[in-house]
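A short write-up of the structure that comes next.
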Amino acid sequence: MTENKIKSGKHKTGSGVNIISVYTDKFKTTSINLFIHNQLDRTTVTQNALLPMVLRRGSKDYPTMQEISRKLESLYGSTFNCGVVKKGERQILHFYIDGVNDRFLESGDNVFDSCALMLNSIVSNPLINDGRFREEYVMQEKQNLGKMIRSRINDKTQYAVERCYELMCKDERYGLHEWGCIDDLDGISPAALAGRYSDAVSNSKIDVVIVGNIDDSWISRLENLLDIKTTNNNNIAPEDTVKDVREVNAFVEEMDVTQGKLSMGFRTNVAADDPDYYASLVYSSILGGGAHSKLHQNVREKASLAYYAFARLEKIKGLMMVGSGIEAANYEKTREIILRQVEELKEGNISDFEFDSSKKVLENSIRAITDEPLQMVDFFLVQSIMDKNYDFQTIINRIKDVKREDIVRVAHKIKLDTVYFLKPKNRS
Amino acid sequence: MKTSIIKNQTLKESIHLCEYNNGLKAFVLPKRGYTKKYATYATHYGSIDNTFIVPGEKQPTRVPDGIAHFLEHKLFETEDDLPVLEKFSTLGASANAYTSFDHTAYLFSCTENFDESFKLLMDFVQSPYLTDQSVEKEKGIIEQEIRMYEDNPSWRVFFSFLDALYHNHPVKIDIAGTVESISEINKEVLYRCYNTFYHPSNMIVCVVGDVEPARIFETVQASQKIKEDMPEIKRVFPDEPAQINRQSVQNKMKVATPLFVLGFKENTGEVVERPVLHDTGMKILMEMIFGKASDLYKQLYENGLITSNFDADYTFEGGYSYSAVSGESKSPQEVYERVAEAVKSITRSGLSEEDFERIRKMKLGSYVKLFNSVDRTAREFTANYFRGIELFDYIDMYKSISFDQICDIFDKHFVAERMALSTVIPGQEV
């Protein structure tokens with residue numbers, strides 16, 4: 001099996017940074033990903049969101065974006081990017097750089113080392129003088145972040161999902177959006193932001209994931225090229241994944257749109273390290289994980305109510321979102337059909353086709369992870385969060401082992417929490 | 001059937017080609033070590049092909065807008081009970097399809113059961129099964145798809161941009177059509193389109209992954225229901241003036257910050273002779289003028305006129321071509337003026353050769369990276385083929401294109417009078 005060609009290793013460095021290396025010779029590129037783990041928290045969320053935006057404006061070696069970009073272009077179109085990702089109740093700073101492997105360039109350039117140096121320059125040599133970021137950059141990026149937060153309404157499908165989670169988890173960390181809160185922006189000073197960065201970079205768990213045609217010598221080179229040191233003692237609380245839902249919340253918001261968006265937020269009450277996790281994964285696939293699913297068959301194909309209807313799991317926090325775009329008049333009808341499917345699962349009414357296809361489709365997607373560098377990086381990041389070291393085959397075996405009774409058991413744990421409808425406003 | 005191989009030393013990749021007697025072509029790009037296999041079966045038939053002369057007939061046929069996309073949806077229905085998508089699911093494969101302006105592609109990817117999945121792909125695309133009832137049922141689903149796009153401001157600002165550029169060309173019409181146009185679609189007209197455009201001579205197969213080309217070629221051969229080649233389909237396009245339709249167009253929608261697309265309409269007839277040269281040159285130029293390292297980008301960004309949500313693309317698809325610069329801005333008009341000014345200044349004082357050399361390297365690297373992904377390789381190969389470009393042609397072009405050629409392409413493309421602006425501003429639609 002080709003999968004054997006992928007080898008991964010974990011190296012704890014003297015500087016407190018974990019280097020996770022993934023060896024494979026099939027890609028044209030080598031990519032380096034640096035993750036700084038933070039707890040999602042009301043007091044730091046907006047500052048953390050702002051950090052990558054300010055950092056990418058310039059470092060001491062490359063003080064403007066133009067200089068950074070010129071350097072990247074001359075490195076055969078190496079790509080650098082950074083931002084925040086939300087994984088459960090973590091807000092993780094992600095810095096990414098990739099470069100074409102030297103053997104495809106016929107140039108003798110050492111693109112990898114130059115990429116590592118660029119990444120290092122941005123992360124460990126930021127434009128902080130006298131304990132503050134450059135004022136002009138901070139001011140502009142505060143405005144840009146404000147625009148991003150306000151523009152969340154542009155993508156209605158995504159917005160309806162995020163808004164539902166926001167309302168559902170308003171008293172939990174998960175209710176915070178990874179871009180933070182617009183009201184915080186005014187109060188962020190260049191000095192406070194620099195203070196936040198120095199705390200994040202020196203006390204957080206930091207993972208570096210490197211994927212490409214590399215060997216051990218590259219790891220030690222990388223270790224030498226990165227000047228980061230962390231105490232790694234910024235403890236992140238374990239996720240609270242169980243909640244007893246007493247009453248289903250319902251919200252309707254009106255907007256000037258033509259199609260309504262229905263979002264239904266569920267609690268799976270199954271943690272990512274619970275033995276039942278894989279059953280919950282198969283459950284969500286049967287419910288709404290593609291053309292084989294109950295939602296696709298019943299909401300789209302049988303009732304012609306929607307173009308899309310999906311169910312998606314949030315692994316780490318133990319949540320599940322069901323979403324569909326519909327005519328406003330079909331709100332009740334669609335909701336009922338969706339709830340009917342949820343009941344069917346509880347009753348164990350799962351056809352052989354649904355059961356087998358769901359597992360096969362999931363297995364297929366797990367195997368395919370190894371073909372996409374970024375998916376592979378995400379996989380190892382999640383493993384690191386969970387402090388697990390599964391290989392792909394173990395996960396596939398766990399999926400294969402899921403039985404119908406496991407799904408029914410999980411179905412009884414999964415509880416609807418919040419229904420949100422983004423409703424088209426009546427036009428005059 | 002006739003086979004051949006094209007190898008590329010720089011990329012360390014090869015393309016295997018098989019040409020069949022019925023006019024079909026199959027391409028295989030083996031990717032050793034990959035677990036995923038990706039196959040497309042595509043026809044040179046997209047949303048713009050709404051008027052055509054069926055081979056053997058004299059009069060042109062005009063069909064409702066959105067029909068290529070409608071047909072794409074309907075091909076997933078079969079005579080037996082189990083819909084095509086579900087058959088793929090049973091095999092653990094994931095299938096899909098898309099319709100663009102100039103082609104429709106059916107595809108699947110899988111990590112197991114490739115042979116069966118591939119046979120299924122070959123079979124279902126050649127087996128339309130339409131009933132009046134199923135055509136009517138689909139209208140409800142596609143209507144919701146159209147509504148979804150109507151609420152998408154990026155989509156709206158882009159199609160309004162095309163409307164500003166084009167007077168008559170059907171590229172300005174929404175790919176899915178309108179709720180009204182699809183209401184006219186029926187079984188008969190769908191079959192008529194199918195029989196015209198889904199002929200092997202108008203189609204290609206492309207497979208990327210760890211597969212054996214000879215085996216693929218045999219499966220394709222055995223699957224073919226139509227044995228004879230067919231004369232060329234005549235596509236009828238309205239006359240399109242070289243000038244733009246409107247200099248600016250504005251829509252109101254529920255957005256936070258105005259969105260814009262601006263760009264230049266090209267005199268496509270003038271550049272169609274050497275598509276790879278022109279396309280490569282334009283890709284380099286767009287990066288030189290609008291890329292993250294350009295002076296224009298720096299100026300716009302530092303003045304708070306754009307955010308990192310900013311893209312500059314060039315599109316060439318045979319019958320039409322244009323550049324498009326998109327993003328969000330508190331003042332799209334000011335972005336428009338600064339772009340016009342920057343273009344004027346280059347026209348006056350020329351391009352930078354140093355920028356050119358750096359961007360050429362960058363583009364070469366980005367092109368090599370494309371081959372990381374089996375999905376992207378197959379999709380890019382297919383899209384390029386239908387606009388007359390073979391994917392490997394780019395690598396030599398990136399190496400050989402000269403600064404003089406770039407300057408010449410700049411002069412052809414960036415004509416001030418052919419620049420248009422489309423915006424979506426916050427507000428309620430009237």
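Each chain in the structure tokens gets a letter, A, B, ..., in the order shown, and its residues are numbered from 1; ligands are numbered from 1 in order too.
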Set the distance at 6 Å and use only C-alpha atoms: which residues neighbour Leu305 (chain B) once local chain neighbours fewer than 3 positions away are removed? I'd like the list as a VMD selection string. chain B and resid 300 to 301 329
Mind checking which residues fall within 7 Å of Ala194 (chain A), counting only C-alpha atoms, ignoring those fewer than 6 positions away in the same chain, and posting them as a ChimeraX atom specification? /A:128,131-133
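CA of Trp155 (chain B) lies 25.0 Å from CA of Asn81 (chain A).
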Could you please select, counting only C-alpha atoms, the residues of chain B within 7 Å of chain A and state them as an MDAnalysis selection string? chainID B and resid 10:11 33:36 85:86 89:90 92:93 110:111 137 140:142 144:145 147:148 151:153 254:257 292:293 298 304 307 358:359 361:366 368:369 372:373 428
Report the residues of region 25-266 of chain A whose backbone DSSP state falls under strand (DSSP E), written as a PyMOL selection string. chain A and resi 29-39+79-87+90-100+128-129+132-133+206-212+249-255+260-266
Have a look at A:Lys170, A:Lys425, A:Arg404, A:Arg196 and name the one nearest to Asn349 (chain A); count only C-alpha atoms. A:Arg404
Could you please write out, as number ranges by chain, every residue of region 261-362 of chain A that DSSP assigns to alpha helix (DSSP H)? A: 277-288, 294-295, 331-346, 352-362
Store the residues of this selection in a file with N, CA and C atoms, as a CSV table (one decimal), in the first residue's frame.
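Saved to out_5.csv:
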chain,number,residue,atom,x,y,z
A,277,TYR,N,-16.7,8.3,19.4
A,277,TYR,CA,-16.5,9.4,18.5
A,277,TYR,C,-16.7,8.9,17.0
A,278,TYR,N,-16.1,7.7,16.7
A,278,TYR,CA,-16.2,7.3,15.3
A,278,TYR,C,-17.6,6.9,14.9
A,279,ALA,N,-18.4,6.5,15.9
A,279,ALA,CA,-19.8,6.2,15.6
A,279,ALA,C,-20.5,7.6,15.3
A,280,SER,N,-20.1,8.6,16.0
A,280,SER,CA,-20.8,9.9,15.8
A,280,SER,C,-20.4,10.5,14.4
A,281,LEU,N,-19.2,10.1,14.0
A,281,LEU,CA,-18.7,10.5,12.6
A,281,LEU,C,-19.6,9.8,11.6
A,282,VAL,N,-19.8,8.5,11.8
A,282,VAL,CA,-20.6,7.8,10.8
A,282,VAL,C,-22.1,8.3,10.8
A,283,TYR,N,-22.5,8.6,12.1
A,283,TYR,CA,-23.9,9.1,12.2
A,283,TYR,C,-24.0,10.4,11.4
A,284,SER,N,-23.1,11.3,11.5
A,284,SER,CA,-23.3,12.6,10.8
A,284,SER,C,-23.2,12.4,9.3
A,285,SER,N,-22.4,11.4,8.9
A,285,SER,CA,-22.3,11.1,7.4
A,285,SER,C,-23.6,10.5,6.9
A,286,ILE,N,-24.2,9.6,7.7
A,286,ILE,CA,-25.5,9.1,7.3
A,286,ILE,C,-26.6,10.2,7.2
A,287,LEU,N,-26.5,11.1,8.2
A,287,LEU,CA,-27.5,12.1,8.2
A,287,LEU,C,-27.3,13.1,7.1
A,288,GLY,N,-26.1,13.6,6.9
A,288,GLY,CA,-26.0,14.7,5.9
A,288,GLY,C,-24.6,14.8,5.4
A,294,LYS,N,-29.3,10.9,4.4
A,294,LYS,CA,-30.8,11.0,4.5
A,294,LYS,C,-31.2,12.4,4.1
A,295,LEU,N,-30.4,13.4,4.5
A,295,LEU,CA,-30.8,14.8,4.2
A,295,LEU,C,-30.8,15.0,2.7
A,331,TYR,N,-40.1,26.7,5.6
A,331,TYR,CA,-39.3,26.6,6.8
A,331,TYR,C,-39.8,25.4,7.7
A,332,GLU,N,-41.1,25.4,8.0
A,332,GLU,CA,-41.7,24.4,8.9
A,332,GLU,C,-41.5,23.0,8.3
A,333,LYS,N,-41.8,22.9,7.0
A,333,LYS,CA,-41.8,21.7,6.3
A,333,LYS,C,-40.4,21.1,6.3
A,334,THR,N,-39.4,21.9,6.0
A,334,THR,CA,-38.0,21.4,6.0
A,334,THR,C,-37.5,21.0,7.4
A,335,ARG,N,-37.9,21.8,8.4
A,335,ARG,CA,-37.5,21.5,9.7
A,335,ARG,C,-38.0,20.2,10.1
A,336,GLU,N,-39.3,19.9,9.8
A,336,GLU,CA,-39.9,18.7,10.1
A,336,GLU,C,-39.2,17.5,9.5
A,337,ILE,N,-38.9,17.6,8.2
A,337,ILE,CA,-38.3,16.6,7.4
A,337,ILE,C,-36.9,16.3,8.1
A,338,ILE,N,-36.2,17.3,8.5
A,338,ILE,CA,-34.9,17.1,9.1
A,338,ILE,C,-35.0,16.4,10.4
A,339,LEU,N,-36.0,16.8,11.2
A,339,LEU,CA,-36.1,16.2,12.5
A,339,LEU,C,-36.6,14.7,12.4
A,340,ARG,N,-37.4,14.5,11.3
A,340,ARG,CA,-37.8,13.1,11.1
A,340,ARG,C,-36.6,12.2,10.8
A,341,GLN,N,-35.6,12.7,10.1
A,341,GLN,CA,-34.4,11.9,9.8
A,341,GLN,C,-33.6,11.6,11.1
A,342,VAL,N,-33.6,12.7,11.9
A,342,VAL,CA,-32.9,12.5,13.2
A,342,VAL,C,-33.6,11.4,14.0
A,343,GLU,N,-34.9,11.4,14.0
A,343,GLU,CA,-35.7,10.3,14.7
A,343,GLU,C,-35.4,8.9,14.1
A,344,GLU,N,-35.4,8.9,12.7
A,344,GLU,CA,-35.1,7.6,12.0
A,344,GLU,C,-33.8,7.0,12.5
A,345,LEU,N,-32.8,7.9,12.7
A,345,LEU,CA,-31.5,7.4,13.2
A,345,LEU,C,-31.6,6.8,14.6
A,346,LYS,N,-32.4,7.5,15.4
A,346,LYS,CA,-32.6,7.0,16.8
A,346,LYS,C,-33.3,5.7,16.8
A,352,ASP,N,-29.0,-0.6,4.5
A,352,ASP,CA,-27.6,-1.1,4.2
A,352,ASP,C,-26.8,-0.1,3.4
A,353,PHE,N,-27.5,0.4,2.4
A,353,PHE,CA,-26.9,1.4,1.5
A,353,PHE,C,-26.3,2.6,2.3
A,354,GLU,N,-27.2,3.2,3.2
A,354,GLU,CA,-26.7,4.3,4.0
A,354,GLU,C,-25.6,4.0,4.9
A,355,PHE,N,-25.7,2.8,5.5
A,355,PHE,CA,-24.7,2.4,6.5
A,355,PHE,C,-23.3,2.1,5.8
A,356,ASP,N,-23.4,1.3,4.7
A,356,ASP,CA,-22.1,1.0,4.0
A,356,ASP,C,-21.5,2.2,3.3
A,357,SER,N,-22.3,2.9,2.6
A,357,SER,CA,-21.8,4.1,1.8
A,357,SER,C,-21.1,5.1,2.7
A,358,SER,N,-21.8,5.4,3.9
A,358,SER,CA,-21.3,6.4,4.8
A,358,SER,C,-19.9,6.0,5.2
A,359,LYS,N,-19.7,4.7,5.6
A,359,LYS,CA,-18.4,4.3,6.0
A,359,LYS,C,-17.4,4.4,4.9
A,360,LYS,N,-17.8,3.9,3.7
A,360,LYS,CA,-16.8,3.9,2.6
A,360,LYS,C,-16.4,5.3,2.2
A,361,VAL,N,-17.4,6.2,2.2
A,361,VAL,CA,-17.1,7.6,1.8
A,361,VAL,C,-16.1,8.2,2.9
A,362,LEU,N,-16.4,7.9,4.2
A,362,LEU,CA,-15.5,8.4,5.2
A,362,LEU,C,-14.1,7.8,5.0
Excluding Lys60 (chain A) and its own-chain neighbours fewer than 4 positions away, which residues fall within 10 Å of it when counting only C-alpha atoms? Please give them as a PDB file with C-alpha atoms, in the first residue's frame.
ATOM      1  CA  THR A  64       7.173  46.129   4.374  1.00  0.00           C
ATOM      2  CA  SER A 121      11.960  36.469  10.419  1.00  0.00           C
ATOM      3  CA  ILE A 122       8.211  37.080  10.578  1.00  0.00           C
ATOM      4  CA  SER A 124      10.714  35.745  15.810  1.00  0.00           C
ATOM      5  CA  ASN A 125      11.943  39.043  14.528  1.00  0.00           C
ATOM      6  CA  PRO A 126       8.772  41.143  14.356  1.00  0.00           C
ATOM      7  CA  LEU A 127       8.760  44.909  13.975  1.00  0.00           C
ATOM      8  CA  ILE A 128       8.503  45.592  17.695  1.00  0.00           C
ATOM      9  CA  ASN A 129      10.483  48.560  18.957  1.00  0.00           C
TER      10      ASN A 129
END
Exercise: Asp387 (chain A) partners within 12 Å, only C-alpha atoms, chain neighbours under 4 positions left out, as a VMD selection string: chain A and resid 10 18 205 207 238 272 to 273 380 to 383
Region 35-114 of chain B residues near region 226-241 of chain B within 7 Å, closest pair each, using only C-alpha atoms, as a Markdown table:
| residue | atom | partner | partner_atom | distance |
| --- | --- | --- | --- | --- |
| B:Asp49 | CA | B:Arg235 | CA | 6.6 |
| B:Thr51 | CA | B:Val236 | CA | 5.3 |
| B:Phe52 | CA | B:Arg235 | CA | 4.3 |
| B:Ile53 | CA | B:Lys234 | CA | 5.1 |
| B:Val54 | CA | B:Ile233 | CA | 6.1 |
| B:Pro55 | CA | B:Ile233 | CA | 5.7 |
